Every structure is written in C-alpha cells, then in structure tokens.
>>> print(open('structure20.csv').read())   # CSV, C-alpha atoms
chain,number,residue,atom,x,y,z
W,1,MET,CA,-29.4,-25.7,21.2
W,2,PRO,CA,-27.7,-22.9,19.3
W,3,LYS,CA,-28.7,-22.2,15.7
W,4,ARG,CA,-26.1,-23.1,13.2
W,5,VAL,CA,-25.3,-20.3,10.7
W,6,VAL,CA,-23.1,-21.1,7.7
W,7,ILE,CA,-21.8,-18.0,5.8
W,8,ILE,CA,-20.5,-18.8,2.3
W,9,GLY,CA,-17.7,-16.3,1.6
W,10,GLY,CA,-15.3,-14.5,3.9
W,11,GLY,CA,-15.2,-11.2,2.0
W,12,PRO,CA,-16.6,-7.8,3.2
W,13,ALA,CA,-20.2,-9.0,3.2
W,14,GLY,CA,-19.6,-12.3,4.9
W,15,MET,CA,-17.4,-10.8,7.6
W,16,ARG,CA,-19.9,-8.0,8.2
W,17,VAL,CA,-22.6,-10.7,8.8
W,18,ALA,CA,-20.3,-12.5,11.1
W,19,ASP,CA,-19.5,-9.3,13.0
W,20,GLY,CA,-23.2,-8.7,13.4
W,21,LEU,CA,-23.7,-12.1,14.9
W,22,SER,CA,-20.8,-11.8,17.4
W,23,GLY,CA,-23.1,-10.9,20.3
W,24,ALA,CA,-25.3,-13.9,19.7
W,25,LEU,CA,-22.2,-16.0,19.2
W,26,ALA,CA,-20.8,-14.9,22.6
W,27,LYS,CA,-24.1,-15.7,24.3
W,28,GLY,CA,-24.3,-19.2,22.7
W,29,ILE,CA,-27.4,-18.4,20.7
W,30,VAL,CA,-25.7,-19.2,17.4
W,31,GLU,CA,-22.8,-21.1,16.0
W,32,VAL,CA,-21.2,-19.4,13.1
W,33,THR,CA,-19.1,-21.1,10.4
W,34,ILE,CA,-17.5,-19.2,7.5
W,35,LEU,CA,-16.6,-21.1,4.3
W,36,GLU,CA,-13.8,-19.4,2.4
W,37,LYS,CA,-11.4,-20.4,-0.4
W,38,LYS,CA,-8.7,-17.9,0.4
W,39,ASP,CA,-6.4,-18.0,3.4
W,40,HIS,CA,-6.7,-14.2,3.8
W,41,PHE,CA,-9.0,-11.2,3.6
W,42,ASP,CA,-8.2,-8.9,0.8
W,43,ILE,CA,-9.1,-5.2,0.5
W,44,HIS,CA,-10.0,-5.0,-3.2
W,45,CYS,CA,-10.0,-1.3,-3.4
W,46,GLY,CA,-6.3,-1.3,-2.6
W,47,ASN,CA,-5.3,-3.5,-5.5
W,48,PRO,CA,-4.4,-0.8,-8.0
W,49,ARG,CA,-1.8,0.5,-5.5
W,50,ALA,CA,-0.8,-3.0,-4.6
W,51,LEU,CA,0.2,-3.6,-8.2
W,52,VAL,CA,2.9,-1.0,-8.0
W,53,ASN,CA,3.9,-1.2,-4.3
W,54,ALA,CA,5.1,-4.5,-2.8
W,55,ALA,CA,4.9,-3.4,0.8
W,56,TYR,CA,1.4,-2.1,0.4
W,57,ALA,CA,0.4,-5.3,-1.3
W,58,ASP,CA,1.3,-7.2,1.8
W,59,GLU,CA,-0.5,-4.8,4.0
W,60,VAL,CA,-3.9,-5.1,2.3
W,61,LEU,CA,-4.0,-8.9,2.6
W,62,LEU,CA,-5.1,-9.5,6.2
W,63,PRO,CA,-5.2,-12.7,8.2
W,64,PHE,CA,-8.8,-13.5,9.2
W,65,ASP,CA,-8.1,-13.5,12.9
W,66,ARG,CA,-7.4,-9.8,12.8
W,67,LEU,CA,-11.0,-9.2,11.7
W,68,MET,CA,-12.7,-11.5,14.2
W,69,LYS,CA,-13.8,-9.8,17.5
W,70,GLY,CA,-14.5,-11.2,20.9
W,71,GLN,CA,-13.2,-14.2,22.8
W,72,LYS,CA,-15.5,-16.6,20.9
W,73,LYS,CA,-14.9,-16.4,17.2
W,74,PRO,CA,-16.6,-18.0,14.2
W,75,SER,CA,-15.2,-21.2,12.8
W,76,LEU,CA,-13.3,-20.6,9.6
W,77,VAL,CA,-13.4,-23.6,7.2
W,78,ALA,CA,-11.2,-23.7,4.1
W,79,VAL,CA,-13.0,-25.1,1.1
W,80,ALA,CA,-12.2,-25.5,-2.6
W,81,ASP,CA,-15.8,-25.0,-3.6
W,82,VAL,CA,-19.4,-25.1,-2.5
W,83,ILE,CA,-21.4,-27.5,-4.7
W,84,ALA,CA,-24.9,-27.7,-3.2
W,85,LEU,CA,-27.3,-26.1,-0.8
W,86,GLY,CA,-29.7,-28.5,0.7
W,87,SER,CA,-32.6,-28.3,3.2
W,88,GLY,CA,-30.5,-27.7,6.3
W,89,SER,CA,-27.1,-28.4,4.9
W,90,VAL,CA,-24.3,-27.1,2.7
W,91,SER,CA,-22.2,-29.5,0.6
W,92,CYS,CA,-18.5,-28.5,0.0
W,93,VAL,CA,-15.5,-29.8,-1.7
W,94,MET,CA,-12.6,-29.6,0.7
W,95,PRO,CA,-9.0,-28.6,-0.3
W,96,GLY,CA,-8.0,-32.3,-0.4
W,97,GLY,CA,-10.8,-33.1,-2.9
W,98,GLN,CA,-13.2,-34.9,-0.5
W,99,THR,CA,-16.8,-33.9,-0.2
W,100,GLN,CA,-18.2,-32.8,3.1
W,101,GLU,CA,-21.7,-31.8,4.2
W,102,LEU,CA,-22.2,-29.2,6.9
W,103,PRO,CA,-25.4,-28.9,8.9
W,104,ALA,CA,-27.0,-25.4,8.7
W,105,ASP,CA,-30.1,-23.9,10.2
W,106,ALA,CA,-29.4,-20.7,8.2
W,107,ILE,CA,-27.3,-20.1,5.1
W,108,VAL,CA,-25.9,-16.8,4.2
W,109,ILE,CA,-24.7,-16.5,0.6
W,110,ALA,CA,-21.9,-13.8,0.6
W,111,THR,CA,-19.9,-14.9,-2.4
W,112,GLY,CA,-19.3,-11.3,-3.6
W,113,SER,CA,-18.5,-10.4,-7.2
W,114,SER,CA,-16.0,-11.5,-9.8
W,115,TYR,CA,-13.8,-9.3,-12.0
W,116,LYS,CA,-12.8,-9.9,-15.6
W,117,GLY,CA,-9.2,-8.7,-15.0
W,118,SER,CA,-7.0,-11.4,-13.5
W,119,TYR,CA,-5.0,-8.9,-11.4
W,120,MET,CA,-7.6,-6.7,-9.8
W,121,LYS,CA,-9.3,-9.4,-7.8
W,122,ASN,CA,-8.2,-12.8,-6.6
W,123,ASN,CA,-11.1,-14.7,-8.3
W,124,GLY,CA,-9.3,-18.0,-8.2
W,125,GLY,CA,-8.9,-18.1,-4.5
W,126,LEU,CA,-5.1,-18.2,-4.5
W,127,SER,CA,-3.2,-18.3,-1.3
W,128,LYS,CA,-1.7,-15.1,0.0
W,129,GLN,CA,1.8,-16.1,-1.1
W,130,ALA,CA,0.6,-17.1,-4.5
W,131,TRP,CA,-1.4,-13.9,-5.0
W,132,LEU,CA,1.6,-11.8,-3.9
W,133,GLN,CA,3.8,-13.7,-6.3
W,134,LYS,CA,1.4,-13.0,-9.1
W,135,MET,CA,1.3,-9.3,-8.4
W,136,ALA,CA,5.1,-9.3,-8.1
W,137,GLU,CA,5.4,-10.7,-11.6
W,138,TRP,CA,3.1,-8.0,-12.9
W,139,ARG,CA,5.1,-5.3,-11.1
W,140,ALA,CA,8.3,-6.6,-12.7
W,141,ALA,CA,6.8,-6.5,-16.2
W,142,ALA,CA,5.4,-2.9,-15.6
W,143,ALA,CA,8.8,-1.7,-14.4
W,144,LYS,CA,10.3,-2.7,-17.8
W,145,ALA,CA,7.4,-1.4,-19.9
W,146,ARG,CA,7.7,1.7,-22.1
W,147,HIS,CA,4.0,1.9,-22.8
W,148,ILE,CA,1.1,0.5,-20.9
W,149,LEU,CA,-2.5,0.4,-22.2
W,150,ILE,CA,-5.4,0.5,-19.7
W,151,VAL,CA,-8.8,-0.4,-21.1
W,152,GLY,CA,-11.6,1.1,-19.1
W,153,GLY,CA,-11.7,4.5,-17.5
W,154,GLY,CA,-13.8,3.8,-14.5
W,155,VAL,CA,-12.6,4.3,-11.0
W,156,THR,CA,-10.3,1.3,-11.1
W,157,GLY,CA,-8.7,2.2,-14.4
W,158,VAL,CA,-8.2,5.8,-13.4
W,159,GLU,CA,-6.6,4.8,-10.1
W,160,LEU,CA,-4.3,2.3,-11.8
W,161,ALA,CA,-3.3,4.9,-14.4
W,162,GLY,CA,-2.4,7.3,-11.6
W,163,GLU,CA,-0.4,4.8,-9.6
W,164,LEU,CA,1.6,3.7,-12.7
W,165,ALA,CA,2.3,7.3,-13.8
W,166,THR,CA,3.5,8.1,-10.3
W,167,GLU,CA,5.6,4.9,-9.9
W,168,HIS,CA,7.0,4.7,-13.5
W,169,PRO,CA,7.1,8.3,-14.8
W,170,SER,CA,9.2,7.3,-17.8
W,171,CYS,CA,6.5,4.9,-19.0
W,172,LYS,CA,3.7,6.3,-21.2
W,173,ILE,CA,0.2,5.3,-20.0
W,174,THR,CA,-2.7,5.3,-22.4
W,175,LEU,CA,-6.2,5.1,-20.8
W,176,VAL,CA,-9.1,4.2,-23.2
W,177,HIS,CA,-12.7,4.7,-22.1
W,178,SER,CA,-15.8,4.0,-24.2
W,179,GLY,CA,-17.8,6.7,-22.4
W,180,GLN,CA,-17.2,10.4,-22.8
W,181,GLU,CA,-16.5,11.1,-19.1
W,182,LEU,CA,-14.0,9.2,-16.9
W,183,CYS,CA,-15.5,7.5,-13.9
W,184,ASN,CA,-19.0,7.9,-15.4
W,185,ALA,CA,-19.8,10.4,-12.7
W,186,GLY,CA,-20.4,13.6,-14.6
W,187,LYS,CA,-18.4,16.4,-16.3
W,188,GLY,CA,-17.2,17.9,-13.0
W,189,VAL,CA,-15.6,14.6,-11.8
W,190,HIS,CA,-14.2,14.0,-15.3
W,191,ASP,CA,-12.5,17.4,-15.4
W,192,SER,CA,-11.1,17.0,-11.9
W,193,VAL,CA,-9.7,13.6,-12.8
W,194,ILE,CA,-8.1,14.9,-16.0
W,195,SER,CA,-6.5,17.7,-14.0
W,196,GLY,CA,-5.2,15.3,-11.5
W,197,LEU,CA,-3.7,13.0,-14.1
W,198,LYS,CA,-1.9,15.9,-15.8
W,199,ALA,CA,-0.3,16.9,-12.5
W,200,LEU,CA,1.4,13.5,-12.1
W,201,PRO,CA,5.1,12.9,-12.8
W,202,GLY,CA,4.3,10.6,-15.8
W,203,THR,CA,2.3,11.0,-18.9
W,204,VAL,CA,-1.2,9.7,-19.1
W,205,GLU,CA,-2.9,9.9,-22.5
W,206,VAL,CA,-6.7,9.8,-22.2
W,207,ILE,CA,-8.9,8.6,-25.1
W,208,THR,CA,-12.6,8.8,-24.5
W,209,GLY,CA,-15.6,7.8,-26.7
W,210,ASP,CA,-13.6,4.9,-28.2
W,211,LYS,CA,-13.1,1.2,-27.7
W,212,VAL,CA,-10.2,-1.2,-28.2
W,213,GLN,CA,-11.2,-3.7,-30.9
W,214,VAL,CA,-8.2,-6.0,-31.1
W,215,LEU,CA,-5.2,-6.5,-28.9
W,216,ILE,CA,-2.1,-7.7,-30.8
W,217,PHE,CA,0.9,-8.8,-28.8
>>> encode(input="structure20.csv", output="structure tokens")
Amino acid sequence: MPKRVVIIGGGPAGMRVADGLSGALAKGIVEVTILEKKDHFDIHCGNPRALVNAAYADEVLLPFDRLMKGQKKPSLVAVADVIALGSGSVSCVMPGGQTQELPADAIVIATGSSYKGSYMKNNGGLSKQAWLQKMAEWRAAAAKARHILIVGGGVTGVELAGELATEHPSCKITLVHSGQELCNAGKGVHDSVISGLKALPGTVEVITGDKVQVLIF
C-alpha cells in the first residue's frame, strides 16, 4: 500500500517537495496530496513589477498544472484552512465551510512566510482574479499619484522604487530606510543601488538612517 504524503502549502517549498516525490509517485510508492488556499502559484519575487505592469502580473500567477510533471500528478485539494494535525491525519476547513479529515502517513508543513504589506504577497489566499483586481486598483492609484512613499529599503523596497520611477517618471518616489545602507548588503551594493536609481527616468529620493513615525492621510 502506498504511503500517503500530505503537503500543506503549494508554494515554492511545497511544490519542490512534490517534485522530489514525482518518481516515487509514478512508481506507486506514495500518494501525494497538496493542500492549498489559492487557485494559482505566485512567483513572489515578481510582485514589485506586477504592481506596475498588468501583463506581467498575469504571467507570474501560474496554474498549478503547469508545475506538475509526469503522467501521474499529485492531488491538489483546495482548502480554506488547516486546523489540526493529528497522529496520521490532517484536519481542514474546506471552501464551503465543512470540516474534513485527510489520512496521512507523512505530513510536510510548507506554509511559507507572510508579509506585512498587503500587496507584496497574497497572504489572504485570494483567487487569481481577485488578486489581479487588487493589484489593478493599486496600479490605478499609483498612476494618479504625484508622490509615493516607500517605507523600507530592502531588496523589495528598492525594486519597487525602481519600477515606479521607470513606469511613472513624473511621480516623485521617496524611499525611507532605517539602516545606513540600502539592501543591508554592504557599502558596495548600496553605492551601486544609488547609482542605478539615479539613472532612472523618474526621481527617487533616498533617506537612510531614519524611520517613519506616523503616517497621516
């Protein structure tokens, strides 16, 4: 009888585990079930560009079947939440609200990370269309803005500043970072990033060694 493997999360880690089990799945050694809230796989590192480019946003939200190799594929089960891990089982809340218990000989927890910002990562498990609509609303607001403040000069903040300064050159971008060096990767990287931002069509003001205390809208 094949071992029943339940993977909680269909992000990069979960899909990597499923891919690693594809050989055993094809031979009937295991049965693989992936539990996932979303109806798509999203490439998170592409989200800064997706926030300014609608076509690109659609490209980085992939249907799961494009990622699953082989004739025999894992079972993908849509869930609203996972509420309990038992001895040999996983208890889930299904999209309709009912509770279901799935048998498991092995459980892989691959729930990934969360992100404080509501636009850089789909923490709420929105559908592809709902997530695209949310990003479209942000793009529309950014297109009308005269000044955009980005709090945090890590890799994500720097990339978003660059994308906005390229797409909306008439809009001033201010990037505030609590550290002294952007990306927190040393002076050489900081200097290179500053040089790159200065070469963009738009204006990016960089403030380091400071924090935003209060946001007033």
>>> closest_atom_pairs(input="structure20.csv", of="segment 100-203 of chain W", to="segment 53-73 of chain W", cutoff="8 Å", atoms="all atoms listed in the file", output="tab-separated table")
residue	atom	partner	partner_atom	distance
W:Lys128	CA	W:Leu61	CA	7.1
W:Leu132	CA	W:Ala57	CA	7.1
W:Ala136	CA	W:Ala54	CA	7.2
>>> residues_near_point(input="structure20.csv", point="(-10.1, -15.9, 3.1)", cutoff="12 Å", atoms="all atoms listed in the file", output="ChimeraX atom specification")
/W:8-12,14-15,34-43,61-67,76-80,111,122-128
>>> closest_residue(input="structure20.csv", among="W:Lys3, W:Lys27, W:Lys134, W:His177", to="Thr156 of chain W", atoms="only C-alpha atoms")
W:His177
>>> residues_near_point(input="structure20.csv", point="(-18.2, 5.9, -19.3)", cutoff="12 Å", atoms="all atoms listed in the file", output="ChimeraX atom specification")
/W:151-155,157-158,176-187,189-190,207-211
>>> atom_distance(input="structure20.csv", atom1="atom CA of Asn47 of chain W", atom2="atom CA of Gly117 of chain W")
11.5 Å
>>> atom_distance(input="structure20.csv", atom1="atom CA of Val193 of chain W", atom2="atom CA of Ala161 of chain W")
10.9 Å
>>> residues_around(input="structure20.csv", residues="Ile83 of chain W", least_positions_apart="2", cutoff="12 Å", atoms="all atoms listed in the file", output="list in words")
Ile8, Val79, Ala80, Asp81, Leu85, Gly86, Ser89, Val90, Ser91, Cys92, Val93, Met94, Gln98, Thr99, Gln100, Glu101 and Leu102 of chain W
>>> closest_residue(input="structure20.csv", among="W:Glu205, W:Leu197, W:Ala13, W:Thr174", to="Gly112 of chain W", atoms="all atoms listed in the file")
W:Ala13
>>> atom_distance(input="structure20.csv", atom1="atom CA of Ala26 of chain W", atom2="atom CA of Met1 of chain W")
13.9 Å
>>> closest_atom_pairs(input="structure20.csv", of="segment 134-189 of chain W", to="segment 198-202 of chain W", cutoff="8 Å", atoms="all atoms listed in the file", output="CSV")
residue,atom,partner,partner_atom,distance
W:Gly162,CA,W:Leu200,CA,7.3
W:Ala165,CA,W:Gly202,CA,4.3
W:Thr166,CA,W:Pro201,CA,5.6
W:His168,CA,W:Gly202,CA,6.9
W:Pro169,CA,W:Gly202,CA,3.8
W:Ser170,CA,W:Gly202,CA,6.2
W:Cys171,CA,W:Gly202,CA,6.9
W:Lys172,CA,W:Gly202,CA,6.9
W:Ile173,CA,W:Gly202,CA,7.9
>>> residues_around(input="structure20.csv", residues="Pro48 of chain W", least_positions_apart="6", cutoff="8 Å", atoms="only C-alpha atoms", output="list in words")
Met120, Thr156, Glu159, Leu160 and Glu163 of chain W
>>> write_last_selection(input="structure20.csv", atoms="C-alpha atoms", output="mmCIF file, in the frame of the given file")
data_model
loop_
_atom_site.group_PDB
_atom_site.id
_atom_site.type_symbol
_atom_site.label_atom_id
_atom_site.label_comp_id
_atom_site.auth_asym_id
_atom_site.auth_seq_id
_atom_site.Cartn_x
_atom_site.Cartn_y
_atom_site.Cartn_z
ATOM 1 C CA MET W 120 -7.600 -6.700 -9.800
ATOM 2 C CA THR W 156 -10.300 1.300 -11.100
ATOM 3 C CA GLU W 159 -6.600 4.800 -10.100
ATOM 4 C CA LEU W 160 -4.300 2.300 -11.800
ATOM 5 C CA GLU W 163 -0.400 4.800 -9.600
#
